[in-house]
Amino acid sequence: MEAILYICHGSRVEKARMEAVSFIKECINQHPAAIQEYGFLELAEPSIEQAFSNCVKRGAKKIIVLPVLLLAAMHAKEDIPNELKRIQKRFPFIEIKYGAPIGVHDYMIDILKERIAETGETDIENSIVLLVGRGSSDPDVKRDLTSIAERLKIKTGFPAVEVCFLTAASPGLEEGLVMAGKSRYKNVLIIPYLLFTGILMKTIRRSISTLSRDAGKQFILCNYLGYHPRIGDILQQRAAERSEGASHVSSHA
């Protein structure tokens, strides 16, 4: 019997953990698989091993592991695969198929358009969009978020859609906000490219409050991504890609 195992990052912030659980439960409701479990890479329970064991206890012989991560960085490429390889030694009789993260997908552009629309801002010609990613030392993350920004610009008609990062990549959040503040546009729409709330959202709000005071601009913070049925659809696609795919645990999605 085939199972789906969703893996989230985890957070010290209880609200973020609760959001992640609610998010996954919505995704589970979208998928027809009889056995579906979720776990966290770190900072929260159940752990990946606990969730994997739950799948086995429920009768799974094959487990499709889906990283519920926006982009393919070190967590998706190394940390989760390494943990699965360790778990595989405990369950050598279980077939593991490792899926791709959410990645660059047109559905994500649709969600970003909704987050912009929620602000009620319609003066596109006088607005710049700043897409704020978590950040990573992995260059693929910057490449992929830049690709998403370019697609968003094409689909919305905004004259400028720029990216910045909260950590480990440049330009950083403050640099991005300063750049937007010095631009010719009177409105700055900031979209946190994050699935859940947490410490990083607090960082964004604090930085906006500090840097927007003297800029003479209107800084508009959009909602972060959160749960959306389209993300559930993407995860279903990722599961389908691995349902008949290679069975080994690879570090590449």
# chains A, B, ... in the order shown; residues from 1 in each chain; ligands from 1

call {"tool": "select_by_dssp", "arguments": {"residues": "region 119-150 of chain A", "states": "helix (DSSP H, G or I)", "output": "list in words"}}
result
Ile124, Glu125, Asn126, Pro139, Asp140, Val141, Lys142, Arg143, Asp144, Leu145, Thr146, Ser147, Ile148, Ala149 and Glu150 of chain A

call {"tool": "write_last_selection", "arguments": {"atoms": "N, CA and C atoms", "output": "PDB file, in the first residue's frame"}}
result
ATOM      1  N   ILE A 124      -0.933  50.283 -10.650  1.00  0.00           N
ATOM      2  CA  ILE A 124       0.185  49.425 -11.043  1.00  0.00           C
ATOM      3  C   ILE A 124       1.363  50.233 -11.563  1.00  0.00           C
ATOM      4  N   GLU A 125       1.098  51.236 -12.377  1.00  0.00           N
ATOM      5  CA  GLU A 125       2.177  51.997 -13.020  1.00  0.00           C
ATOM      6  C   GLU A 125       3.083  52.706 -12.019  1.00  0.00           C
ATOM      7  N   ASN A 126       2.547  53.020 -10.853  1.00  0.00           N
ATOM      8  CA  ASN A 126       3.331  53.740  -9.848  1.00  0.00           C
ATOM      9  C   ASN A 126       3.728  52.851  -8.670  1.00  0.00           C
ATOM     10  N   PRO A 139      22.731  28.731  -4.737  1.00  0.00           N
ATOM     11  CA  PRO A 139      22.398  29.685  -5.809  1.00  0.00           C
ATOM     12  C   PRO A 139      21.104  29.362  -6.546  1.00  0.00           C
ATOM     13  N   ASP A 140      20.659  28.111  -6.478  1.00  0.00           N
ATOM     14  CA  ASP A 140      19.405  27.746  -7.143  1.00  0.00           C
ATOM     15  C   ASP A 140      18.217  28.503  -6.561  1.00  0.00           C
ATOM     16  N   VAL A 141      18.292  28.834  -5.276  1.00  0.00           N
ATOM     17  CA  VAL A 141      17.190  29.544  -4.623  1.00  0.00           C
ATOM     18  C   VAL A 141      17.037  30.939  -5.214  1.00  0.00           C
ATOM     19  N   LYS A 142      18.142  31.645  -5.356  1.00  0.00           N
ATOM     20  CA  LYS A 142      18.084  32.990  -5.943  1.00  0.00           C
ATOM     21  C   LYS A 142      17.619  32.917  -7.388  1.00  0.00           C
ATOM     22  N   ARG A 143      18.123  31.947  -8.116  1.00  0.00           N
ATOM     23  CA  ARG A 143      17.718  31.777  -9.517  1.00  0.00           C
ATOM     24  C   ARG A 143      16.219  31.525  -9.620  1.00  0.00           C
ATOM     25  N   ASP A 144      15.699  30.632  -8.775  1.00  0.00           N
ATOM     26  CA  ASP A 144      14.285  30.267  -8.867  1.00  0.00           C
ATOM     27  C   ASP A 144      13.369  31.404  -8.428  1.00  0.00           C
ATOM     28  N   LEU A 145      13.729  32.110  -7.354  1.00  0.00           N
ATOM     29  CA  LEU A 145      12.880  33.221  -6.913  1.00  0.00           C
ATOM     30  C   LEU A 145      12.906  34.345  -7.942  1.00  0.00           C
ATOM     31  N   THR A 146      14.041  34.557  -8.570  1.00  0.00           N
ATOM     32  CA  THR A 146      14.128  35.555  -9.637  1.00  0.00           C
ATOM     33  C   THR A 146      13.244  35.165 -10.811  1.00  0.00           C
ATOM     34  N   SER A 147      13.211  33.886 -11.134  1.00  0.00           N
ATOM     35  CA  SER A 147      12.336  33.395 -12.203  1.00  0.00           C
ATOM     36  C   SER A 147      10.870  33.631 -11.859  1.00  0.00           C
ATOM     37  N   ILE A 148      10.512  33.393 -10.604  1.00  0.00           N
ATOM     38  CA  ILE A 148       9.139  33.632 -10.155  1.00  0.00           C
ATOM     39  C   ILE A 148       8.801  35.118 -10.268  1.00  0.00           C
ATOM     40  N   ALA A 149       9.733  35.971  -9.866  1.00  0.00           N
ATOM     41  CA  ALA A 149       9.517  37.423  -9.957  1.00  0.00           C
ATOM     42  C   ALA A 149       9.315  37.854 -11.402  1.00  0.00           C
ATOM     43  N   GLU A 150      10.100  37.296 -12.300  1.00  0.00           N
ATOM     44  CA  GLU A 150       9.973  37.650 -13.717  1.00  0.00           C
ATOM     45  C   GLU A 150       8.618  37.216 -14.270  1.00  0.00           C
TER      46      GLU A 150
END

call {"tool": "select_by_dssp", "arguments": {"residues": "region 137-219 of chain A", "states": "strand (DSSP E)", "output": "mmCIF file with C-alpha atoms, in the first residue's frame"}}
result
data_model
loop_
_atom_site.group_PDB
_atom_site.id
_atom_site.type_symbol
_atom_site.label_atom_id
_atom_site.label_comp_id
_atom_site.auth_asym_id
_atom_site.auth_seq_id
_atom_site.Cartn_x
_atom_site.Cartn_y
_atom_site.Cartn_z
ATOM 1 C CA ALA A 160 9.263 46.436 -11.515
ATOM 2 C CA VAL A 161 9.265 43.207 -9.500
ATOM 3 C CA GLU A 162 12.431 42.753 -7.439
ATOM 4 C CA VAL A 163 13.637 40.078 -5.018
ATOM 5 C CA CYS A 164 15.437 40.206 -1.688
ATOM 6 C CA PHE A 165 16.193 37.689 1.031
ATOM 7 C CA ASN A 187 3.953 52.461 -3.732
ATOM 8 C CA VAL A 188 6.027 49.518 -2.498
ATOM 9 C CA LEU A 189 4.165 46.212 -2.304
ATOM 10 C CA ILE A 190 6.062 43.687 -0.189
ATOM 11 C CA ILE A 191 5.145 40.008 -0.578
ATOM 12 C CA PRO A 192 6.640 37.562 1.945
ATOM 13 C CA GLN A 218 3.516 53.974 0.845
ATOM 14 C CA PHE A 219 4.811 50.579 1.998
#

call {"tool": "atom_distance", "arguments": {"atom1": "CA of Ser47 (chain A)", "atom2": "CA of Tyr98 (chain A)"}}
result
16.6 Å

call {"tool": "closest_residue", "arguments": {"among": "A:Ile111, A:Ala72, A:Ala117, A:Ala180", "to": "Arg134 (chain A)", "atoms": "only C-alpha atoms"}}
result
A:Ala72

call {"tool": "closest_residue", "arguments": {"among": "A:His75, A:Lys155, A:Lys202, A:Lys62", "to": "Leu112 (chain A)", "atoms": "only C-alpha atoms"}}
result
A:Lys155

call {"tool": "closest_residue", "arguments": {"among": "A:Tyr107, A:Phe52, A:Phe158, A:Tyr6", "to": "Arg90 (chain A)", "atoms": "only C-alpha atoms"}}
result
A:Phe52

call {"tool": "residues_around", "arguments": {"residues": "region 20-34 of chain A", "least_positions_apart": "2", "cutoff": "10 Å", "atoms": "only C-alpha atoms", "output": "PyMOL selection string"}}
result
chain A and resi 1-11+14-18+36-40+58+60+68+195-197+226-236+239

call {"tool": "residues_around", "arguments": {"residues": "Gly216 (chain A)", "least_positions_apart": "6", "cutoff": "12 Å", "atoms": "only C-alpha atoms", "output": "number ranges by chain"}}
result
A: 178, 180-188

call {"tool": "write_last_selection", "arguments": {"atoms": "C-alpha atoms", "output": "PDB file, in the first residue's frame"}}
result
ATOM      1  CA  VAL A 178      16.108  50.843   0.795  1.00  0.00           C
ATOM      2  CA  ALA A 180      12.518  50.292  -3.261  1.00  0.00           C
ATOM      3  CA  GLY A 181      12.349  53.399  -1.087  1.00  0.00           C
ATOM      4  CA  LYS A 182      14.757  55.230  -3.395  1.00  0.00           C
ATOM      5  CA  SER A 183      12.964  54.132  -6.555  1.00  0.00           C
ATOM      6  CA  ARG A 184      10.686  56.390  -8.589  1.00  0.00           C
ATOM      7  CA  TYR A 185       7.596  54.424  -7.571  1.00  0.00           C
ATOM      8  CA  LYS A 186       5.318  55.835  -4.885  1.00  0.00           C
ATOM      9  CA  ASN A 187       3.953  52.461  -3.732  1.00  0.00           C
ATOM     10  CA  VAL A 188       6.027  49.518  -2.498  1.00  0.00           C
TER      11      VAL A 188
END

call {"tool": "atom_distance", "arguments": {"atom1": "CA of Pro81 (chain A)", "atom2": "CA of Glu49 (chain A)"}}
result
12.1 Å
